[in-house]
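Peer 1: Below is data-v9.cif; it holds mmCIF, C-alpha atoms and all ligand atoms.
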```
data_coords
#
loop_
_atom_site.group_PDB
_atom_site.id
_atom_site.type_symbol
_atom_site.label_atom_id
_atom_site.label_comp_id
_atom_site.auth_asym_id
_atom_site.auth_seq_id
_atom_site.Cartn_x
_atom_site.Cartn_y
_atom_site.Cartn_z
ATOM 1 C CA MET T 13 -23.960 4.819 -1.279
ATOM 2 C CA ASN T 14 -22.886 4.531 -4.869
ATOM 3 C CA TYR T 15 -19.937 2.122 -5.194
ATOM 4 C CA GLN T 16 -18.474 1.421 -8.622
ATOM 5 C CA GLY T 17 -16.766 -1.952 -9.191
ATOM 6 C CA ILE T 18 -14.705 -3.766 -6.577
ATOM 7 C CA VAL T 19 -13.532 -1.388 -3.848
ATOM 8 C CA TYR T 20 -10.118 -2.133 -2.302
ATOM 9 C CA ARG T 21 -8.807 -0.888 1.021
ATOM 10 C CA PRO T 22 -5.802 -1.634 3.243
ATOM 11 C CA PRO T 23 -6.428 -4.408 5.832
ATOM 12 C CA SER T 24 -6.192 -1.855 8.665
ATOM 13 C CA GLU T 25 -9.160 0.068 7.186
ATOM 14 C CA ALA T 26 -11.553 -2.863 7.649
ATOM 15 C CA GLY T 27 -13.828 -0.869 9.981
ATOM 16 C CA SER T 28 -13.671 2.423 8.065
ATOM 17 C CA LEU T 29 -16.345 4.196 6.113
ATOM 18 C CA ILE T 30 -15.149 3.983 2.503
ATOM 19 C CA VAL T 31 -16.165 6.568 -0.073
ATOM 20 C CA GLN T 32 -14.803 6.574 -3.620
ATOM 21 C CA VAL T 33 -13.247 9.896 -4.528
ATOM 22 C CA THR T 34 -11.638 8.502 -7.653
ATOM 23 C CA ILE T 35 -12.589 5.485 -9.708
ATOM 24 C CA GLY T 36 -9.663 3.206 -10.467
ATOM 25 C CA CYS T 37 -5.960 3.986 -10.283
ATOM 26 C CA SER T 38 -4.244 6.902 -12.002
ATOM 27 C CA GLN T 39 -1.278 4.676 -12.921
ATOM 28 C CA ASN T 40 -3.053 1.387 -13.689
ATOM 29 C CA GLY T 41 -0.110 -0.055 -15.623
ATOM 30 C CA CYS T 42 1.763 -2.257 -13.133
ATOM 31 C CA THR T 43 2.301 -5.702 -14.641
ATOM 32 C CA PHE T 44 1.509 -7.627 -11.440
ATOM 33 C CA CYS T 45 -1.656 -5.769 -10.431
ATOM 34 C CA SER T 46 -5.226 -6.675 -11.293
ATOM 35 C CA MET T 47 -6.986 -4.348 -8.880
ATOM 36 C CA TYR T 48 -8.363 -1.670 -11.174
ATOM 37 C CA LYS T 49 -7.841 -3.123 -14.639
ATOM 38 C CA ASP T 50 -11.607 -3.095 -15.292
ATOM 39 C CA LYS T 51 -11.961 0.617 -14.508
ATOM 40 C CA ASN T 52 -11.128 3.698 -16.530
ATOM 41 C CA PHE T 53 -9.505 6.085 -14.135
ATOM 42 C CA HIS T 54 -11.400 9.266 -13.379
ATOM 43 C CA ILE T 55 -12.024 11.658 -10.531
ATOM 44 C CA ARG T 56 -15.617 11.620 -9.342
ATOM 45 C CA ASN T 57 -17.796 14.675 -9.400
ATOM 46 C CA ILE T 58 -17.586 16.450 -6.035
ATOM 47 C CA ASP T 59 -21.392 16.584 -5.667
ATOM 48 C CA GLU T 60 -21.636 12.808 -6.091
ATOM 49 C CA ILE T 61 -18.939 12.307 -3.465
ATOM 50 C CA LEU T 62 -20.622 14.607 -0.955
ATOM 51 C CA THR T 63 -23.989 12.911 -1.593
ATOM 52 C CA ASP T 64 -22.372 9.594 -0.611
ATOM 53 C CA PHE T 65 -21.098 11.165 2.603
ATOM 54 C CA LYS T 66 -24.554 12.578 3.381
ATOM 55 C CA GLU T 67 -26.107 9.152 2.854
ATOM 56 C CA ALA T 68 -23.509 7.554 5.098
ATOM 57 C CA ARG T 69 -24.318 10.112 7.804
ATOM 58 C CA GLU T 70 -27.947 9.046 7.720
ATOM 59 C CA LEU T 71 -26.980 5.364 7.877
ATOM 60 C CA TYR T 72 -24.266 5.361 10.549
ATOM 61 C CA LYS T 73 -24.293 7.031 13.964
ATOM 62 C CA ASN T 74 -20.615 6.744 14.753
ATOM 63 C CA ILE T 75 -17.806 6.837 12.194
ATOM 64 C CA SER T 76 -14.321 6.871 13.677
ATOM 65 C CA LYS T 77 -12.317 6.234 10.500
ATOM 66 C CA ILE T 78 -12.819 7.227 6.875
ATOM 67 C CA PHE T 79 -10.883 5.865 3.901
ATOM 68 C CA LEU T 80 -10.975 7.779 0.622
ATOM 69 C CA ALA T 81 -10.887 5.271 -2.251
ATOM 70 C CA ASP T 82 -9.976 4.219 -4.997
ATOM 71 C CA GLY T 83 -6.383 3.727 -6.064
ATOM 72 C CA ASP T 84 -4.852 7.146 -5.655
ATOM 73 C CA ALA T 85 -7.243 9.659 -4.089
ATOM 74 C CA LEU T 86 -4.374 12.049 -3.434
ATOM 75 C CA ILE T 87 -4.129 12.699 -7.174
ATOM 76 C CA CYS T 88 -7.151 15.039 -6.850
ATOM 77 C CA LYS T 89 -6.356 18.744 -6.738
ATOM 78 C CA ALA T 90 -5.692 20.055 -3.227
ATOM 79 C CA ASP T 91 -8.742 22.375 -3.428
ATOM 80 C CA MET T 92 -11.048 19.436 -4.033
ATOM 81 C CA LEU T 93 -9.525 17.388 -1.234
ATOM 82 C CA ILE T 94 -9.841 20.359 1.130
ATOM 83 C CA LYS T 95 -13.569 20.628 0.292
ATOM 84 C CA ILE T 96 -13.990 16.925 1.086
ATOM 85 C CA LEU T 97 -12.014 17.151 4.331
ATOM 86 C CA ASP T 98 -13.973 20.247 5.460
ATOM 87 C CA PHE T 99 -17.220 18.448 4.685
ATOM 88 C CA ILE T 100 -16.120 15.427 6.723
ATOM 89 C CA LYS T 101 -15.207 17.682 9.635
ATOM 90 C CA GLU T 102 -18.657 19.258 9.584
ATOM 91 C CA TYR T 103 -20.698 16.076 9.051
ATOM 92 C CA PHE T 104 -18.546 13.570 10.974
ATOM 93 C CA PRO T 105 -17.042 15.525 13.896
ATOM 94 C CA GLU T 106 -16.424 12.224 15.722
ATOM 95 C CA CYS T 107 -14.107 10.933 12.941
ATOM 96 C CA LYS T 108 -10.575 10.450 14.259
ATOM 97 C CA GLN T 109 -8.726 9.321 11.148
ATOM 98 C CA ILE T 110 -8.980 10.076 7.434
ATOM 99 C CA SER T 111 -6.646 8.243 5.099
ATOM 100 C CA CYS T 112 -6.202 7.285 1.444
ATOM 101 C CA TYR T 113 -3.918 5.548 -1.008
ATOM 102 C CA ALA T 114 -1.317 7.811 -2.584
ATOM 103 C CA SER T 115 1.375 7.450 -5.215
ATOM 104 C CA ALA T 116 4.822 9.025 -5.394
ATOM 105 C CA LYS T 117 3.514 11.035 -8.339
ATOM 106 C CA SER T 118 0.451 12.380 -6.532
ATOM 107 C CA ILE T 119 2.588 13.351 -3.538
ATOM 108 C CA LEU T 120 5.312 15.004 -5.625
ATOM 109 C CA LEU T 121 2.701 16.994 -7.573
ATOM 110 C CA LYS T 122 1.566 18.653 -4.325
ATOM 111 C CA SER T 123 3.475 21.499 -2.722
ATOM 112 C CA GLU T 124 4.678 21.099 0.876
ATOM 113 C CA GLU T 125 2.204 23.781 1.848
ATOM 114 C CA GLU T 126 -0.696 21.928 0.231
ATOM 115 C CA LEU T 127 0.256 18.709 2.011
ATOM 116 C CA LYS T 128 0.470 20.563 5.332
ATOM 117 C CA THR T 129 -2.984 22.064 4.752
ATOM 118 C CA LEU T 130 -4.389 18.604 3.998
ATOM 119 C CA LYS T 131 -2.872 17.358 7.236
ATOM 120 C CA ASP T 132 -4.343 20.294 9.199
ATOM 121 C CA LYS T 133 -7.731 19.587 7.617
ATOM 122 C CA GLY T 134 -7.653 15.995 8.873
ATOM 123 C CA LEU T 135 -5.696 13.786 6.444
ATOM 124 C CA LYS T 136 -3.887 11.612 8.947
ATOM 125 C CA MET T 137 -2.277 8.848 6.930
ATOM 126 C CA VAL T 138 -1.448 7.830 3.366
ATOM 127 C CA TYR T 139 -0.738 4.310 2.090
ATOM 128 C CA LEU T 140 1.945 4.100 -0.549
ATOM 129 C CA GLY T 141 2.932 1.049 -2.604
ATOM 130 C CA LEU T 142 6.719 0.944 -2.997
ATOM 131 C CA GLU T 143 6.586 -2.681 -4.221
ATOM 132 C CA SER T 144 10.369 -2.827 -4.706
ATOM 133 C CA GLY T 145 13.340 -0.611 -3.916
ATOM 134 C CA SER T 146 15.156 -1.828 -7.016
ATOM 135 C CA ASP T 147 14.915 0.548 -9.972
ATOM 136 C CA LYS T 148 15.461 -2.365 -12.333
ATOM 137 C CA ILE T 149 12.387 -4.117 -10.925
ATOM 138 C CA LEU T 150 10.293 -0.935 -10.731
ATOM 139 C CA LYS T 151 11.008 -0.427 -14.433
ATOM 140 C CA ARG T 152 10.251 -4.048 -15.329
ATOM 141 C CA VAL T 153 6.904 -4.027 -13.535
ATOM 142 C CA LYS T 154 6.063 -0.627 -15.062
ATOM 143 C CA LYS T 155 5.523 1.074 -11.712
ATOM 144 C CA GLY T 156 6.254 4.407 -13.379
ATOM 145 C CA VAL T 157 8.504 5.847 -10.656
ATOM 146 C CA THR T 158 12.023 5.392 -9.332
ATOM 147 C CA SER T 159 13.166 4.543 -5.809
ATOM 148 C CA LYS T 160 14.583 8.088 -5.555
ATOM 149 C CA GLU T 161 11.135 9.540 -6.249
ATOM 150 C CA MET T 162 9.636 7.199 -3.656
ATOM 151 C CA ILE T 163 12.109 8.489 -1.059
ATOM 152 C CA GLU T 164 11.429 12.128 -2.037
ATOM 153 C CA ALA T 165 7.682 11.516 -1.737
ATOM 154 C CA ALA T 166 8.128 9.915 1.689
ATOM 155 C CA ASN T 167 10.146 12.911 2.888
ATOM 156 C CA LYS T 168 7.428 15.301 1.727
ATOM 157 C CA ILE T 169 4.813 13.314 3.619
ATOM 158 C CA HIS T 170 6.974 13.348 6.770
ATOM 159 C CA ASN T 171 7.546 17.099 6.462
ATOM 160 C CA ALA T 172 3.791 17.653 6.272
ATOM 161 C CA GLY T 173 3.271 15.619 9.459
ATOM 162 C CA ILE T 174 1.147 12.970 7.702
ATOM 163 C CA MET T 175 1.688 9.362 8.755
ATOM 164 C CA LEU T 176 3.064 6.998 6.136
ATOM 165 C CA SER T 177 2.349 3.323 5.563
ATOM 166 C CA VAL T 178 4.394 1.608 2.834
ATOM 167 C CA THR T 179 3.959 -1.817 1.256
ATOM 168 C CA ALA T 180 6.428 -3.963 -0.651
ATOM 169 C CA ILE T 181 5.926 -7.289 -2.432
ATOM 170 C CA SER T 182 8.060 -10.350 -1.740
ATOM 171 C CA GLY T 183 9.004 -12.284 -4.852
ATOM 172 C CA LEU T 184 8.517 -9.361 -7.248
ATOM 173 C CA GLY T 185 12.018 -9.735 -8.707
ATOM 174 C CA GLY T 186 11.570 -13.463 -9.337
ATOM 175 C CA TYR T 187 14.598 -15.751 -9.161
ATOM 176 C CA GLU T 188 16.667 -13.509 -11.388
ATOM 177 C CA LEU T 189 16.596 -10.461 -9.128
ATOM 178 C CA TRP T 190 15.645 -11.768 -5.678
ATOM 179 C CA GLU T 191 18.827 -10.604 -3.929
ATOM 180 C CA GLU T 192 18.704 -7.156 -5.489
ATOM 181 C CA HIS T 193 15.010 -6.937 -4.590
ATOM 182 C CA ALA T 194 15.658 -7.845 -0.952
ATOM 183 C CA VAL T 195 18.655 -5.563 -0.434
ATOM 184 C CA GLU T 196 17.356 -2.524 -2.335
ATOM 185 C CA THR T 197 13.851 -2.776 -0.843
ATOM 186 C CA GLY T 198 15.349 -2.959 2.659
ATOM 187 C CA LYS T 199 17.559 0.047 1.953
ATOM 188 C CA THR T 200 14.832 2.112 0.275
ATOM 189 C CA LEU T 201 12.329 1.422 3.056
ATOM 190 C CA SER T 202 14.978 2.495 5.563
ATOM 191 C CA LYS T 203 15.405 5.800 3.716
ATOM 192 C CA MET T 204 11.636 6.264 3.467
ATOM 193 C CA ASN T 205 11.387 5.595 7.209
ATOM 194 C CA PRO T 206 7.609 5.023 7.322
ATOM 195 C CA GLN T 207 5.626 4.511 10.509
ATOM 196 C CA TYR T 208 4.174 1.278 9.080
ATOM 197 C CA ILE T 209 5.662 -1.310 6.723
ATOM 198 C CA GLY T 210 3.530 -4.029 5.156
ATOM 199 C CA LEU T 211 5.068 -6.900 3.247
ATOM 200 C CA LEU T 212 2.822 -8.850 0.885
ATOM 201 C CA THR T 213 3.829 -11.815 -1.251
ATOM 202 C CA LEU T 214 3.420 -11.903 -5.004
ATOM 203 C CA MET T 215 0.308 -13.697 -6.233
ATOM 204 C CA ILE T 216 -0.446 -13.976 -9.915
ATOM 205 C CA GLU T 217 -4.044 -13.067 -10.613
ATOM 206 C CA PRO T 218 -5.457 -14.318 -13.938
ATOM 207 C CA GLY T 219 -5.029 -11.831 -16.766
ATOM 208 C CA VAL T 220 -2.236 -9.686 -15.317
ATOM 209 C CA PRO T 221 0.565 -8.918 -17.829
ATOM 210 C CA LEU T 222 3.092 -10.723 -15.614
ATOM 211 C CA GLU T 223 1.224 -13.950 -16.359
ATOM 212 C CA ASN T 224 2.420 -13.724 -19.976
ATOM 213 C CA GLU T 225 6.032 -13.407 -18.818
ATOM 214 C CA ILE T 226 5.574 -16.576 -16.761
ATOM 215 C CA LYS T 227 4.105 -18.393 -19.772
ATOM 216 C CA LYS T 228 7.024 -17.222 -21.938
ATOM 217 C CA GLY T 229 9.476 -18.347 -19.263
ATOM 218 C CA THR T 230 10.975 -14.891 -18.748
ATOM 219 C CA PHE T 231 9.746 -14.704 -15.140
ATOM 220 C CA LYS T 232 9.856 -17.594 -12.683
ATOM 221 C CA VAL T 233 7.705 -17.397 -9.566
ATOM 222 C CA MET T 234 9.710 -18.164 -6.441
ATOM 223 C CA ASP T 235 8.798 -21.065 -4.179
ATOM 224 C CA PRO T 236 7.888 -20.478 -0.505
ATOM 225 C CA TYR T 237 11.324 -21.355 0.923
ATOM 226 C CA ASP T 238 13.100 -18.978 -1.420
ATOM 227 C CA ILE T 239 10.553 -16.259 -0.622
ATOM 228 C CA LEU T 240 11.393 -16.706 3.073
ATOM 229 C CA LYS T 241 15.132 -16.449 2.334
ATOM 230 C CA GLU T 242 14.430 -13.244 0.421
ATOM 231 C CA THR T 243 12.309 -11.851 3.286
ATOM 232 C CA LYS T 244 15.126 -12.609 5.729
ATOM 233 C CA LEU T 245 17.626 -10.684 3.603
ATOM 234 C CA LEU T 246 15.166 -7.803 3.263
ATOM 235 C CA ILE T 247 14.682 -7.567 7.035
ATOM 236 C CA GLU T 248 18.453 -7.724 7.571
ATOM 237 C CA ASN T 249 18.699 -4.623 5.374
ATOM 238 C CA LEU T 250 15.977 -2.712 7.227
ATOM 239 C CA ASN T 251 16.871 0.099 9.570
ATOM 240 C CA CYS T 252 13.630 1.852 10.533
ATOM 241 C CA ASP T 253 13.441 2.701 14.180
ATOM 242 C CA ASN T 254 9.930 2.432 15.655
ATOM 243 C CA ALA T 255 8.281 1.302 12.417
ATOM 244 C CA VAL T 256 5.510 -1.240 12.848
ATOM 245 C CA PHE T 257 6.330 -4.194 10.590
ATOM 246 C CA ARG T 258 3.613 -6.552 9.340
ATOM 247 C CA ALA T 259 3.809 -9.503 6.975
ATOM 248 C CA ASN T 260 0.551 -11.072 8.105
ATOM 249 C CA HIS T 261 -1.425 -10.586 4.927
ATOM 250 C CA ALA T 262 -3.374 -13.488 3.421
ATOM 251 C CA SER T 263 -0.741 -13.723 0.676
ATOM 252 C CA ASN T 264 2.186 -14.294 3.069
ATOM 253 C CA TYR T 265 3.573 -17.796 3.724
ATOM 254 C CA VAL T 266 4.638 -17.022 7.308
ATOM 255 C CA ASN T 267 2.956 -14.426 9.508
ATOM 256 C CA LEU T 268 5.373 -11.861 10.903
ATOM 257 C CA LYS T 269 4.592 -8.988 13.271
ATOM 258 C CA GLY T 270 6.915 -6.740 15.182
ATOM 259 C CA THR T 271 8.295 -3.299 15.756
ATOM 260 C CA LEU T 272 11.564 -2.316 14.131
ATOM 261 C CA ASN T 273 14.355 -2.254 14.929
ATOM 262 C CA LYS T 274 13.862 -3.870 18.323
ATOM 263 C CA ASP T 275 12.141 -7.023 17.009
ATOM 264 C CA LYS T 276 14.418 -7.586 14.008
ATOM 265 C CA LYS T 277 16.179 -10.543 15.592
ATOM 266 C CA GLU T 278 12.896 -12.155 16.594
ATOM 267 C CA LEU T 279 11.516 -11.761 13.049
ATOM 268 C CA ILE T 280 14.656 -13.330 11.580
ATOM 269 C CA ASN T 281 14.524 -16.161 14.144
ATOM 270 C CA LYS T 282 10.964 -16.942 13.094
ATOM 271 C CA LEU T 283 12.012 -17.053 9.439
ATOM 272 C CA ASN T 284 14.962 -19.328 10.309
ATOM 273 C CA ALA T 285 12.598 -21.625 12.199
ATOM 274 C CA ALA T 286 10.293 -21.773 9.170
ATOM 275 C CA LEU T 287 13.251 -22.528 6.896
ATOM 276 C CA GLU T 288 14.229 -25.383 9.231
ATOM 277 C CA GLY T 289 10.684 -26.773 9.162
ATOM 278 C CA LYS T 290 9.911 -25.747 12.766
ATOM 279 C CA GLU T 291 7.378 -23.028 11.956
ATOM 280 C CA TYR T 292 4.093 -23.257 10.070
ATOM 281 C CA ILE T 293 4.271 -22.290 6.388
ATOM 282 C CA LYS T 294 0.918 -21.521 4.791
ATOM 283 C CA GLU T 295 -0.251 -23.955 2.134
ATOM 284 C CA GLU T 296 -0.620 -22.498 -1.345
ATOM 285 C CA TYR T 297 -4.405 -23.059 -1.410
ATOM 286 C CA MET T 298 -4.800 -20.976 1.766
ATOM 287 C CA ARG T 299 -3.209 -17.886 0.301
ATOM 288 C CA GLY T 300 -5.359 -15.091 -1.038
ATOM 289 C CA LEU T 301 -5.318 -11.397 -1.846
HETATM 290 S S1 LIG W 1 -0.006 -1.511 -8.046
HETATM 291 FE FE1 LIG W 1 -0.923 0.389 -7.348
HETATM 292 S S2 LIG W 1 -0.163 1.925 -8.821
HETATM 293 FE FE2 LIG W 1 0.150 -0.070 -9.776
HETATM 294 S S3 LIG W 1 -1.681 -0.402 -11.023
HETATM 295 FE FE3 LIG W 1 -2.043 -1.398 -9.025
HETATM 296 S S4 LIG W 1 -3.108 0.133 -7.809
HETATM 297 FE FE4 LIG W 1 -2.183 1.203 -9.560
#
```
Take the structure I supplied and represent it as structure tokens, if you would.
Ligand code: SF4

Peer 2:
Amino acid sequence: MNYQGIVYRPPSEAGSLIVQVTIGCSQNGCTFCSMYKDKNFHIRNIDEILTDFKEARELYKNISKIFLADGDALICKADMLIKILDFIKEYFPECKQISCYASAKSILLKSEEELKTLKDKGLKMVYLGLESGSDKILKRVKKGVTSKEMIEAANKIHNAGIMLSVTAISGLGGYELWEEHAVETGKTLSKMNPQYIGLLTLMIEPGVPLENEIKKGTFKVMDPYDILKETKLLIENLNCDNAVFRANHASNYVNLKGTLNKDKKELINKLNAALEGKEYIKEEYMRGL
């Protein structure tokens, strides 16, 4: 297996076979993200990718899940992805789930028909980083898309029958825009209506452009209590029936798990308890990405 650089995957793909289809992220400009800054984005040669799959077949007897890395595998042309999915079907007939990261851009560049074909060929789920539902914040962090495009992309994924998992980042608006971040992210997620919602909390990795804004004083990182207040407001603005909600990432101050909308009250109660000092809040040194 030929891995290049650090390979990232969603927490739920911990047991998956991971093969890099792209190297890096096609966007690679977000001011808070350090994930692929050391990589020049490119799509790998198909023969190299298939060689990795062949090697994995020799190494592992049973592969139930496959994750196509890196940052935005869906940016590859549909023809190439179809070749990969057909290959997986032939070599890993036992595989039950194939998934990858996607971006609003990579989804919107595909036709509905192409997305449906990818679904029929085995692409079961895509992970999409919304980060914030506020256009002001999306612009500030240089995400490169608007909330409207995120919603359009989500609708295309739903129409193709592919499952959608969306993440947002608590604290991304800082003190200046925390209310807008909470309300607009709640509203946008509700319109995107994903099957899974993951909420992370902002962590500043050394060298990210946002670090300079902090040094200049133009961005102030929120403290844990204010993050929890923001999360509460975000959840109050969520209306996603049957979506699995998780804020149990290593970066989160309080672990939250539930199914929307039925567990909304319970999630808010847990946040209230934490705000009143009756629930464990993770120490800063225990947080990680
Ligand atoms: S947040 Fe996502 S889209 Fe932005 S640079 Fe990082 S991996 Fe790429």

Peer 1: CA of Val31 (chain T) and CA of Lys51 (chain T) are how many Å apart?

Peer 2: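 According to the coordinates, CA of Val31 (chain T) and CA of Lys51 (chain T) are separated by 16.2 Å.
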
Peer 1: Which polymer residues have any atom within 12 Å of an atom of Ala68 (chain T), counting all atoms listed in the file, with same-chain residues fewer than 3 positions away left out, as a VMD selection string?

Peer 2: chain T and resid 13 to 14 28 to 31 61 to 65 71 to 75 78 100 103 to 104

Peer 1: What does the list of residues within 9 Å of ligand LIG 1 (chain W) look like if you count all atoms listed in the file, written as a PyMOL selection string?

Peer 2: chain T and resi 36-49+82-84+113-115+140-143+153-156

Peer 1: Atoms to include: C-alpha atoms. Write the selected residues as a PDB file, in the coordinates of the input.

Peer 2:
```pdb
ATOM      1  CA  GLY T  36      -9.663   3.206 -10.467  1.00  0.00           C
ATOM      2  CA  CYS T  37      -5.960   3.986 -10.283  1.00  0.00           C
ATOM      3  CA  SER T  38      -4.244   6.902 -12.002  1.00  0.00           C
ATOM      4  CA  GLN T  39      -1.278   4.676 -12.921  1.00  0.00           C
ATOM      5  CA  ASN T  40      -3.053   1.387 -13.689  1.00  0.00           C
ATOM      6  CA  GLY T  41      -0.110  -0.055 -15.623  1.00  0.00           C
ATOM      7  CA  CYS T  42       1.763  -2.257 -13.133  1.00  0.00           C
ATOM      8  CA  THR T  43       2.301  -5.702 -14.641  1.00  0.00           C
ATOM      9  CA  PHE T  44       1.509  -7.627 -11.440  1.00  0.00           C
ATOM     10  CA  CYS T  45      -1.656  -5.769 -10.431  1.00  0.00           C
ATOM     11  CA  SER T  46      -5.226  -6.675 -11.293  1.00  0.00           C
ATOM     12  CA  MET T  47      -6.986  -4.348  -8.880  1.00  0.00           C
ATOM     13  CA  TYR T  48      -8.363  -1.670 -11.174  1.00  0.00           C
ATOM     14  CA  LYS T  49      -7.841  -3.123 -14.639  1.00  0.00           C
ATOM     15  CA  ASP T  82      -9.976   4.219  -4.997  1.00  0.00           C
ATOM     16  CA  GLY T  83      -6.383   3.727  -6.064  1.00  0.00           C
ATOM     17  CA  ASP T  84      -4.852   7.146  -5.655  1.00  0.00           C
ATOM     18  CA  TYR T 113      -3.918   5.548  -1.008  1.00  0.00           C
ATOM     19  CA  ALA T 114      -1.317   7.811  -2.584  1.00  0.00           C
ATOM     20  CA  SER T 115       1.375   7.450  -5.215  1.00  0.00           C
ATOM     21  CA  LEU T 140       1.945   4.100  -0.549  1.00  0.00           C
ATOM     22  CA  GLY T 141       2.932   1.049  -2.604  1.00  0.00           C
ATOM     23  CA  LEU T 142       6.719   0.944  -2.997  1.00  0.00           C
ATOM     24  CA  GLU T 143       6.586  -2.681  -4.221  1.00  0.00           C
ATOM     25  CA  VAL T 153       6.904  -4.027 -13.535  1.00  0.00           C
ATOM     26  CA  LYS T 154       6.063  -0.627 -15.062  1.00  0.00           C
ATOM     27  CA  LYS T 155       5.523   1.074 -11.712  1.00  0.00           C
ATOM     28  CA  GLY T 156       6.254   4.407 -13.379  1.00  0.00           C
TER      29      GLY T 156
END
```

Peer 1: Run the PyMOL selection byres (((chain T and resi 289-294) around 9) and not hetatm) on the file and write out the hits as a compact mmCIF listing (two decimals) with C-alpha atoms, in the frame of the given file.

Peer 2:
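Final output, saved to selection36.txt:
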```txt
# COMPACT_ATOMS: atom_id res chain seq x y z
CA PRO T 236 7.89 -20.48 -0.50
CA TYR T 237 11.32 -21.36 0.92
CA SER T 263 -0.74 -13.72 0.68
CA ASN T 264 2.19 -14.29 3.07
CA TYR T 265 3.57 -17.80 3.72
CA VAL T 266 4.64 -17.02 7.31
CA ASN T 267 2.96 -14.43 9.51
CA LYS T 282 10.96 -16.94 13.09
CA LEU T 283 12.01 -17.05 9.44
CA ASN T 284 14.96 -19.33 10.31
CA ALA T 285 12.60 -21.62 12.20
CA ALA T 286 10.29 -21.77 9.17
CA LEU T 287 13.25 -22.53 6.90
CA GLU T 288 14.23 -25.38 9.23
CA GLU T 295 -0.25 -23.96 2.13
CA GLU T 296 -0.62 -22.50 -1.34
CA TYR T 297 -4.40 -23.06 -1.41
CA MET T 298 -4.80 -20.98 1.77
CA ARG T 299 -3.21 -17.89 0.30
```

Peer 1: Could you state the separation of CA of Glu242 (chain T) and CA of Ser182 (chain T) in Å, given to one decimal place?

Peer 2: 7.3 Å

Peer 1: Name the closest residue to Ile87 (chain T) among the candidates T:Ser144, T:Arg21, T:Ile55, T:Gln207; distances are taken between atoms, counting all atoms listed in the file.

Peer 2: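 For Ile87 (chain T), the nearest of the given residues is T:Ile55.
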
Peer 1: Could you check which of T:Thr200, T:Thr129, T:Asn260, T:Asn254 is closest to Ser146 (chain T), using only C-alpha atoms?

Peer 2: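 Of T:Thr200, T:Thr129, T:Asn260, T:Asn254, the one nearest Ser146 (chain T), counting only C-alpha atoms, is T:Thr200.
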
Peer 1: How far is it from CA of Ile163 (chain T) to CA of Lys203 (chain T), in Å with one decimal?

Peer 2: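 These two atoms are separated by 6.4 Å.
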
Peer 1: For Ala262 (chain T), which residue out of T:Leu127, T:His170, T:Lys274, T:Pro23 is the nearest one, using all atoms listed in the file?

Peer 2: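 So, comparing all the options, the nearest one is T:Pro23.
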
Peer 1: Excluding Asp98 (chain T) and any residue of its chain fewer than 5 positions from it, enumerate the residues within 9 Å of it, using only C-alpha atoms, and give them as number ranges by chain.

Peer 2: T: 93, 103, 133-134

Peer 1: When the PyMOL selection byres (((chain T and resi 197) around 9) and not hetatm) is applied to the structure above, which residues does it catch, written out as a list in words?

Peer 2: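 Here the PyMOL selection byres (((chain T and resi 197) around 9) and not hetatm) matches Leu142, Glu143, Ser144, Gly145, Ser146, Ser159, Ala180, Glu192, His193, Ala194, Val195, Glu196, Gly198, Lys199, Thr200, Leu201, Ser202, Leu246, Asn249 and Leu250 of chain T.
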
Peer 1: Taking (-7.4, 10.3, 9.0) in the file's coordinates, which residues come within 9 Å, counting only C-alpha atoms, written as a PyMOL selection string?

Peer 2: chain T and resi 77-79+107-112+131+134-138

Peer 1: Using only C-alpha atoms, find the one residue out of T:Asp50, T:Asp147, T:Glu106, T:Glu225 that sits nearest to Ile18 (chain T).

Peer 2: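 Between T:Asp50, T:Asp147, T:Glu106, T:Glu225, the residue approaching Ile18 (chain T) most closely is T:Asp50.
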
Peer 1: Between T:Asn224, T:Asn281, T:Asn273, T:Asn205, which residue has the minimum interatomic distance to Lys241 (chain T), considering only C-alpha atoms?

Peer 2: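 Going through T:Asn224, T:Asn281, T:Asn273, T:Asn205 one by one, the smallest distance to Lys241 (chain T) is for T:Asn281.
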
Peer 1: Please enumerate the residues selected by the PyMOL selection byres (((chain T and resi 123) around 12) and not hetatm) when evaluated against the supplied file, formatted as a list in words.

Peer 2: Lys89, Ala90, Lys117, Ser118, Ile119, Leu120, Leu121, Lys122, Glu124, Glu125, Glu126, Leu127, Lys128, Thr129, Leu130, Ala165, Lys168, Ile169, Asn171 and Ala172 of chain T

Peer 1: Would you list the contacts of Leu211 (chain T) as a compact mmCIF listing (two decimals) with C-alpha atoms, keeping the file's coordinate frame, taking every protein, DNA or RNA residue within 6 Å and counting all atoms listed in the file, but skipping same-chain residues closer than 4 positions in sequence?

Peer 2:
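Produced file around_0.txt, reproduced below:
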```txt
# COMPACT_ATOMS: atom_id res chain seq x y z
CA THR T 179 3.96 -1.82 1.26
CA ALA T 180 6.43 -3.96 -0.65
CA ILE T 181 5.93 -7.29 -2.43
CA ALA T 259 3.81 -9.50 6.98
```

Peer 1: Box in all listed atoms of region 77-91 of chain T, axis-aligned, with 5 Å more on each side; write out centre and edge lengths in Å to one decimal as lines of an AutoDock Vina configuration file.

Peer 2:
```
center_x = -8.5
center_y = 13.1
center_z = 1.7
size_x = 18.7
size_y = 28.6
size_z = 27.7
```
